[in-house]
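**Student:** Just dropping this structure here.
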Amino acid sequence: MTDRITDLEEQVAYLTRTVDELSEVIARQDKLLDTLTRRLHMLMERAADQELEAGGSVPLADQKPPHW
């Protein structure tokens with residue numbers, strides 16, 4: 001019985017460590033995703049501004065499709 005409890009305790013410790021490691025990975029990925037989303041938004045705004053300065057009337061992303 002004691003061996004079984006020891007095995008279960010070891011397994012719980014291993015799973016706890018794995019969950020902690022995965023949680024850290026997810027936290028890093030979430031931070032990176034937020035950073036990349038902000039950068040993409042800034043780049044899209046910059047591209048729209050450049051298109052407008054180049055003589056376009058409305059940035060292409062803001063135009064309605066021809067079938068509307």
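Convention: chains lettered A, B, ... in structure tokens order; per-chain residue numbering from 1; ligands numbered from 1 as shown.
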Enumerate as number ranges by chain all residues of chain A assigned to alpha helix (DSSP H) by DSSP on the backbone, naming them with the chain letters and numbers the document uses.
**Tutor:** A: 2-53
**Student:** May I ask for the distance between atom CA of A:Leu8 and atom CA of A:Leu22, given in Å to one decimal place?
**Tutor:** 20.8 Å
**Student:** Please measure the separation of atom CA of A:Lys31 and atom CA of A:Ala47, giving the value in Å to one decimal.
**Tutor:**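 It comes out at 24.5 Å.
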**Student:** Take atom CA of A:Arg39 and atom CA of A:Ala27 and report the distance between them in Å, one decimal.
**Tutor:** 18.6 Å
